[in-house]
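Engineer: Here you go, one structure.
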Amino acid sequence: MLDIQRIRSNKEEVIELLSRKGFEEQTIVDIFNLDNEWRKSISDLENIKAKKNNLSKEIGKLKREGKETEPLFKEIENLSKDIANYEKEVKEKEEKINLLMLTVPNTPHPSVPVGRDETSNREEKRWGEIKSFDFEPKGHDEIGESLSIVDFKRAAKISGARFVVYKGLGAKLERALITFMLDVHTKENGYLEVLPPYLVKAQALYGTGNLPKFEADLFKISSSDFYLIPTAEVPVTNLHREEILNEESLPISYCAFTPCFRSEAGSYGKDTKGMIRQHQFHKVELVKFSHPDDSYNQLEKLTLDAEKILEYLKLPYRRITLSSGDMSFSSAKTYDLEVYLPSQKTYREISSCSNFEDFQARRADIRFKPKGGGKTRFVHTLNGSGLAVGRTFVAIVENYQQKDGSVIIPDVLRKYLDGVDVIERV
């Protein structure tokens, strides 16, 4: 959520910045006008309360002097009715402002390239060599089924489209990736592992910006206030909701493995084949709570931490900065990491690393107390995938495929697979 004071004092700047995300200015104009009306109502209310208070004092004085007070009591009665009406009006206007504010996205950081969509994204770097095959590389779905390590048909029989059953070494490889990622992030990168709930209340989703705008992307449990999490970002960010942290504790860095559940509303026809876009998938998430002055340094560190996983696995990737029109609702700046997939001859997203500045912290009321004293401030929150496990599985199967249909296991994973170095047909 943006700071209402920012809209009051820099309305035109906010409108211009949000236009870079394609957000219409009328909402900001409506908020600005409603806020002016609300503040006027507050002022009028305080004036009426002051008048009532003065009349009460006057009544006391008249009583002591033995004079008539009935007309003043009648006036106070009328003022009390006016106060009730104004209080109702103030509350209604405040609720309208809050509802509108929840629909306003975060403003992009000045370093973000301006553009309407992904065509304006800026490539920052590439790492690794794209392997040359002396055969036509196959897709992960074809390889996986031929090796009997994944099963899409039986998954569809159980749950429908966009699900997969991992089998044998496939299940073991998925589990190995999860453990490997968590080990690197906790032992080398300094993150504290947490295992959060997979069901959250609506309030948690409002805090991260998933609600109200993206309800169609979520799975809600019928007749309850629970939602299945779309990412561990939601429960982990809300660990410190409505808390005041000590400045000395910042930055706080968490990592968490969870399944993720997404309805993929609006993605009909996209990546329906294979494991790129599914309703249920695994992810290791990185979440940071940072001092505002340090958050962009922390974004660089978080992104490097995610890149380290790809480099250990020797998977070629690139880092891009998303344009203003391609960024998420809550983000001020986002780096996407894209891994190379030989079957598609292109790079595909495997991690998004974002700085939300104080946008989520305002919605979730997460602040810190400066060590020198003074007014509390909102923290900056950051998160990134470290990594999406299923897509890492896909990248390994495709990049390490052999002409005979087997798949070589990357060196760093072999100890998690009891020394298995290759997946072969059985």
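Convention: chains lettered A, B, ... in structure tokens order; per-chain residue numbering from 1; ligands numbered from 1 as shown.
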When you look at segment 118-131 of chain A with a cut-off of 7 Å (counting only C-alpha atoms), what residues show up, excluding the ones that are within fewer than 2 positions of it in the same chain? I need them as a ChimeraX atom specification.
Structural biologist: /A:113-115,133,314-323,326
Engineer: Next, write the just-selected residues to a file, as a compact mmCIF listing (two decimals), in the first residue's frame, keeping C-alpha atoms as the atom set.
Structural biologist:
# COMPACT_ATOMS: atom_id res chain seq x y z
CA PRO A 113 13.02 0.20 -17.62
CA VAL A 114 9.79 1.83 -18.76
CA GLY A 115 7.63 -0.27 -21.08
CA PHE A 133 23.61 -31.55 -28.94
CA LYS A 314 25.69 -25.81 -14.05
CA LEU A 315 22.48 -24.69 -15.73
CA PRO A 316 22.84 -21.80 -18.20
CA TYR A 317 20.69 -18.82 -17.26
CA ARG A 318 20.22 -15.11 -17.74
CA ARG A 319 19.16 -12.29 -15.42
CA ILE A 320 16.74 -9.65 -16.69
CA THR A 321 15.22 -6.56 -15.09
CA LEU A 322 11.48 -6.51 -15.66
CA SER A 323 10.02 -3.42 -17.28
CA ASP A 326 5.77 -6.48 -16.81
Engineer: Enumerate the residues of segment 102-328 of chain A with a DSSP assignment of strand (DSSP E or B), computed from the backbone, and present them as a PyMOL selection string.
Structural biologist: chain A and resi 122-127+150-151+165-166+192-193+199-201+219-220+226-228+243-246+252-261+280-290+317-321
Engineer: Pick the closest to Ala155 of chain A from A:Gln278, A:Thr376, A:Gln402, A:Ser328: which is it, counting only C-alpha atoms?
Structural biologist: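 Between A:Gln278, A:Thr376, A:Gln402, A:Ser328, the residue approaching Ala155 of chain A most closely is A:Gln278.
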Engineer: For Ser324 of chain A, find every residue with an atom within 12 Å (counting only C-alpha atoms), except residues of its own chain fewer than 3 positions away, and show them as a JSON list (two decimals) with N, CA and C atoms, in the first residue's frame.
Structural biologist:
[["chain", "number", "residue", "atom", "x", "y", "z"],
["A", 16, "GLU", "N", 2.19, 9.81, -12.53],
["A", 16, "GLU", "CA", 3.13, 9.55, -13.61],
["A", 16, "GLU", "C", 3.84, 8.22, -13.43],
["A", 17, "LEU", "N", 4.29, 7.95, -12.20],
["A", 17, "LEU", "CA", 4.99, 6.69, -11.95],
["A", 17, "LEU", "C", 4.07, 5.49, -12.18],
["A", 18, "LEU", "N", 2.83, 5.59, -11.72],
["A", 18, "LEU", "CA", 1.89, 4.47, -11.87],
["A", 18, "LEU", "C", 1.47, 4.29, -13.33],
["A", 19, "SER", "N", 1.53, 5.36, -14.11],
["A", 19, "SER", "CA", 1.20, 5.23, -15.54],
["A", 19, "SER", "C", 2.20, 4.29, -16.22],
["A", 20, "ARG", "N", 3.42, 4.20, -15.66],
["A", 20, "ARG", "CA", 4.42, 3.30, -16.22],
["A", 20, "ARG", "C", 4.02, 1.84, -16.04],
["A", 21, "LYS", "N", 3.15, 1.58, -15.08],
["A", 21, "LYS", "CA", 2.61, 0.23, -14.89],
["A", 21, "LYS", "C", 1.25, 0.06, -15.57],
["A", 22, "GLY", "N", 0.83, 1.10, -16.29],
["A", 22, "GLY", "CA", -0.45, 1.02, -16.99],
["A", 22, "GLY", "C", -1.64, 1.28, -16.09],
["A", 23, "PHE", "N", -1.40, 1.90, -14.94],
["A", 23, "PHE", "CA", -2.49, 2.15, -13.99],
["A", 23, "PHE", "C", -3.14, 3.50, -14.31],
["A", 105, "PRO", "N", -1.34, -0.22, -7.26],
["A", 105, "PRO", "CA", -0.07, -0.96, -7.23],
["A", 105, "PRO", "C", 1.07, -0.13, -6.68],
["A", 106, "ASN", "N", 2.19, -0.80, -6.46],
["A", 106, "ASN", "CA", 3.40, -0.10, -6.03],
["A", 106, "ASN", "C", 3.98, 0.69, -7.19],
["A", 107, "THR", "N", 4.69, 1.76, -6.87],
["A", 107, "THR", "CA", 5.36, 2.55, -7.90],
["A", 107, "THR", "C", 6.70, 1.91, -8.26],
["A", 108, "PRO", "N", 7.09, 1.95, -9.53],
["A", 108, "PRO", "CA", 8.37, 1.34, -9.93],
["A", 108, "PRO", "C", 9.56, 2.19, -9.51],
["A", 109, "HIS", "N", 10.66, 1.53, -9.19],
["A", 109, "HIS", "CA", 11.91, 2.19, -8.86],
["A", 109, "HIS", "C", 12.44, 2.91, -10.11],
["A", 110, "PRO", "N", 13.14, 4.04, -9.94],
["A", 110, "PRO", "CA", 13.66, 4.78, -11.10],
["A", 110, "PRO", "C", 14.55, 3.97, -12.03],
["A", 111, "SER", "N", 15.20, 2.92, -11.51],
["A", 111, "SER", "CA", 16.11, 2.13, -12.35],
["A", 111, "SER", "C", 15.38, 1.12, -13.23],
["A", 112, "VAL", "N", 14.07, 0.99, -13.04],
["A", 112, "VAL", "CA", 13.29, 0.01, -13.80],
["A", 112, "VAL", "C", 13.03, 0.55, -15.22],
["A", 113, "PRO", "N", 13.30, -0.26, -16.26],
["A", 113, "PRO", "CA", 13.02, 0.20, -17.62],
["A", 113, "PRO", "C", 11.52, 0.42, -17.84],
["A", 114, "VAL", "N", 11.19, 1.50, -18.52],
["A", 114, "VAL", "CA", 9.79, 1.83, -18.76],
["A", 114, "VAL", "C", 9.31, 1.13, -20.03],
["A", 115, "GLY", "N", 8.19, 0.43, -19.92],
["A", 115, "GLY", "CA", 7.63, -0.27, -21.08],
["A", 115, "GLY", "C", 6.31, -0.91, -20.73],
["A", 116, "ARG", "N", 5.56, -1.29, -21.76],
["A", 116, "ARG", "CA", 4.22, -1.84, -21.54],
["A", 116, "ARG", "C", 4.23, -3.31, -21.17],
["A", 117, "ASP", "N", 5.25, -4.06, -21.63],
["A", 117, "ASP", "CA", 5.24, -5.51, -21.42],
["A", 117, "ASP", "C", 6.66, -6.05, -21.43],
["A", 118, "GLU", "N", 6.77, -7.38, -21.61],
["A", 118, "GLU", "CA", 8.07, -8.05, -21.52],
["A", 118, "GLU", "C", 9.03, -7.65, -22.64],
["A", 119, "THR", "N", 8.51, -7.05, -23.70],
["A", 119, "THR", "CA", 9.40, -6.64, -24.79],
["A", 119, "THR", "C", 10.35, -5.52, -24.37],
["A", 120, "SER", "N", 10.03, -4.86, -23.25],
["A", 120, "SER", "CA", 10.90, -3.77, -22.76],
["A", 120, "SER", "C", 11.80, -4.22, -21.61],
["A", 121, "ASN", "N", 11.76, -5.52, -21.28],
["A", 121, "ASN", "CA", 12.65, -6.03, -20.23],
["A", 121, "ASN", "C", 14.12, -5.85, -20.65],
["A", 122, "ARG", "N", 14.99, -5.66, -19.67],
["A", 122, "ARG", "CA", 16.40, -5.41, -19.95],
["A", 122, "ARG", "C", 17.27, -6.58, -19.46],
["A", 321, "THR", "N", 16.00, -7.48, -15.91],
["A", 321, "THR", "CA", 15.22, -6.56, -15.09],
["A", 321, "THR", "C", 13.88, -6.37, -15.78],
["A", 327, "MET", "N", 6.06, -5.89, -14.47],
["A", 327, "MET", "CA", 6.28, -6.17, -13.05],
["A", 327, "MET", "C", 4.99, -6.57, -12.35],
["A", 328, "SER", "N", 5.14, -7.16, -11.17],
["A", 328, "SER", "CA", 3.98, -7.54, -10.38],
["A", 328, "SER", "C", 3.34, -6.32, -9.71],
["A", 329, "PHE", "N", 2.14, -6.51, -9.25],
["A", 329, "PHE", "CA", 1.36, -5.47, -8.58],
["A", 329, "PHE", "C", 2.13, -4.84, -7.42],
["A", 330, "SER", "N", 2.79, -5.66, -6.60],
["A", 330, "SER", "CA", 3.40, -5.18, -5.36],
["A", 330, "SER", "C", 4.85, -4.75, -5.50],
["A", 331, "SER", "N", 5.49, -5.10, -6.60],
["A", 331, "SER", "CA", 6.94, -4.90, -6.71],
["A", 331, "SER", "C", 7.33, -3.49, -7.11],
["A", 332, "ALA", "N", 8.48, -3.04, -6.55],
["A", 332, "ALA", "CA", 9.10, -1.79, -6.98],
["A", 332, "ALA", "C", 10.21, -2.07, -7.98],
["A", 333, "LYS", "N", 10.83, -3.25, -7.87],
["A", 333, "LYS", "CA", 11.84, -3.67, -8.84],
["A", 333, "LYS", "C", 11.96, -5.19, -8.78],
["A", 334, "THR", "N", 12.05, -5.81, -9.96],
["A", 334, "THR", "CA", 12.13, -7.27, -10.03],
["A", 334, "THR", "C", 13.19, -7.71, -11.02],
["A", 335, "TYR", "N", 14.02, -8.65, -10.58],
["A", 335, "TYR", "CA", 14.90, -9.38, -11.48],
["A", 335, "TYR", "C", 14.27, -10.75, -11.73]]
Engineer: Which residue is closest to Leu413 of chain A? Choose from A:Arg175, A:Lys40, A:Lys96, A:Lys63 and count only C-alpha atoms.
Structural biologist: A:Arg175
Engineer: For a quick check of understanding, using only C-alpha atoms, which of A:Ser253, A:Glu248, A:Lys371, A:Gln280 has the smallest distance to Ser159 of chain A?
Structural biologist: A:Gln280
Engineer: May I have the residues within 9 Å of segment 348-356 of chain A as a PyMOL selection string, using only C-alpha atoms and disregarding those fewer than 6 positions away in the same chain?
Structural biologist: chain A and resi 106+276+286+295-296+298-300+302-303+306-307+317+328+330-341+380-389+391-392
Engineer: Fewer than 5 positions away in the same chain doesn't count, so skip those; otherwise give me all residues within 7 Å of segment 184-198 of chain A, counting only C-alpha atoms, as an MDAnalysis selection string.
Structural biologist: chainID A and resid 228:229 235:236 253:257 305
Engineer: Identify all residues of segment 175-423 of chain A in helix (DSSP H, G or I) (DSSP on the backbone) and supply them as a ChimeraX atom specification.
Structural biologist: /A:175-187,202-208,215-217,233-240,247-249,292-312,359-364,389-399,411-417
Engineer: Please produce an output containing C-alpha atoms for each residue in the selection, written as a compact mmCIF listing (two decimals), in the first residue's frame.
Structural biologist:
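out_6.txt, written as the output of this step:
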# COMPACT_ATOMS: atom_id res chain seq x y z
CA ARG A 175 13.18 -34.36 -3.07
CA ALA A 176 16.96 -34.08 -3.60
CA LEU A 177 16.54 -30.66 -5.19
CA ILE A 178 14.49 -29.40 -2.25
CA THR A 179 17.06 -30.57 0.31
CA PHE A 180 19.99 -29.30 -1.76
CA MET A 181 18.46 -25.83 -2.11
CA LEU A 182 17.64 -25.58 1.59
CA ASP A 183 21.15 -26.75 2.53
CA VAL A 184 22.81 -24.10 0.36
CA HIS A 185 20.58 -21.29 1.62
CA THR A 186 20.88 -22.20 5.30
CA LYS A 187 24.52 -23.31 5.44
CA ALA A 202 -7.49 -13.63 3.87
CA GLN A 203 -5.69 -11.06 6.02
CA ALA A 204 -2.34 -12.63 5.16
CA LEU A 205 -3.07 -12.36 1.44
CA TYR A 206 -4.12 -8.72 1.81
CA GLY A 207 -0.78 -8.12 3.50
CA THR A 208 1.28 -9.36 0.55
CA GLU A 215 -8.49 -13.57 -5.90
CA ALA A 216 -9.18 -15.39 -9.18
CA ASP A 217 -5.63 -16.80 -9.08
CA GLU A 233 6.01 -15.55 0.41
CA VAL A 234 2.52 -15.16 1.89
CA PRO A 235 2.89 -16.97 5.23
CA VAL A 236 6.58 -16.07 5.69
CA THR A 237 6.07 -12.33 5.08
CA ASN A 238 3.20 -12.43 7.56
CA LEU A 239 5.38 -13.96 10.27
CA HIS A 240 6.04 -10.41 11.46
CA GLU A 247 16.73 -2.19 13.95
CA GLU A 248 19.66 -4.35 15.13
CA SER A 249 17.82 -7.49 13.96
CA PRO A 292 14.97 0.83 3.98
CA ASP A 293 18.48 2.20 3.41
CA ASP A 294 19.83 -1.28 2.68
CA SER A 295 17.03 -2.97 0.76
CA TYR A 296 18.52 -2.61 -2.73
CA ASN A 297 21.80 -4.10 -1.52
CA GLN A 298 19.73 -6.95 -0.10
CA LEU A 299 17.95 -7.38 -3.45
CA GLU A 300 21.33 -7.89 -5.13
CA LYS A 301 22.36 -10.41 -2.46
CA LEU A 302 19.08 -12.31 -2.64
CA THR A 303 19.34 -12.54 -6.43
CA LEU A 304 22.93 -13.78 -6.24
CA ASP A 305 21.82 -16.39 -3.68
CA ALA A 306 19.24 -17.71 -6.14
CA GLU A 307 21.77 -17.63 -8.99
CA LYS A 308 24.18 -19.69 -6.91
CA ILE A 309 21.80 -22.67 -7.10
CA LEU A 310 21.77 -22.52 -10.90
CA GLU A 311 25.55 -22.19 -11.02
CA TYR A 312 26.07 -25.17 -8.71
CA PHE A 359 4.43 -1.56 0.11
CA GLN A 360 3.73 -4.89 1.84
CA ALA A 361 4.93 -3.64 5.22
CA ARG A 362 2.28 -0.89 5.21
CA ARG A 363 -0.45 -3.41 4.38
CA ALA A 364 0.77 -5.84 7.05
CA VAL A 389 11.76 -26.84 -7.84
CA GLY A 390 9.65 -28.29 -10.65
CA ARG A 391 11.16 -25.95 -13.22
CA THR A 392 14.64 -26.84 -11.96
CA PHE A 393 13.71 -30.51 -12.45
CA VAL A 394 12.65 -29.64 -16.02
CA ALA A 395 15.91 -27.78 -16.70
CA ILE A 396 18.04 -30.65 -15.42
CA VAL A 397 16.18 -33.28 -17.44
CA GLU A 398 16.47 -31.23 -20.63
CA ASN A 399 20.03 -29.89 -20.25
CA ASP A 411 27.49 -33.68 -9.45
CA VAL A 412 26.16 -31.66 -6.48
CA LEU A 413 22.98 -33.76 -6.32
CA ARG A 414 24.48 -37.23 -6.36
CA LYS A 415 25.01 -37.45 -2.60
CA TYR A 416 21.27 -36.79 -2.17
CA LEU A 417 20.50 -39.65 -4.57
Engineer: Mind checking which residues fall within 12 Å of Lys52 of chain A, counting only C-alpha atoms, ignoring those fewer than 2 positions away in the same chain, and posting them as a list in words?
Structural biologist: Leu45, Glu46, Asn47, Ile48, Lys49, Ala50, Asn54, Leu55, Ser56, Lys57, Glu58, Ile59, Leu72, Phe73, Lys74, Glu75, Ile76, Glu77, Asn78, Leu79, Ser80, Lys81, Asp82 and Ile83 of chain A
Engineer: What is the atom CA of Asn246 of chain A-atom CA of Val287 of chain A distance in Å, reported with one decimal?
Structural biologist: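 A separation of 17.5 Å between them.
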Engineer: Between A:Ile244, A:Pro259, A:Gly325, A:Lys11, which is the closest to Asp365 of chain A once you count only C-alpha atoms?
Structural biologist: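 Answer, going by the shortest atom-to-atom distance: A:Ile244.
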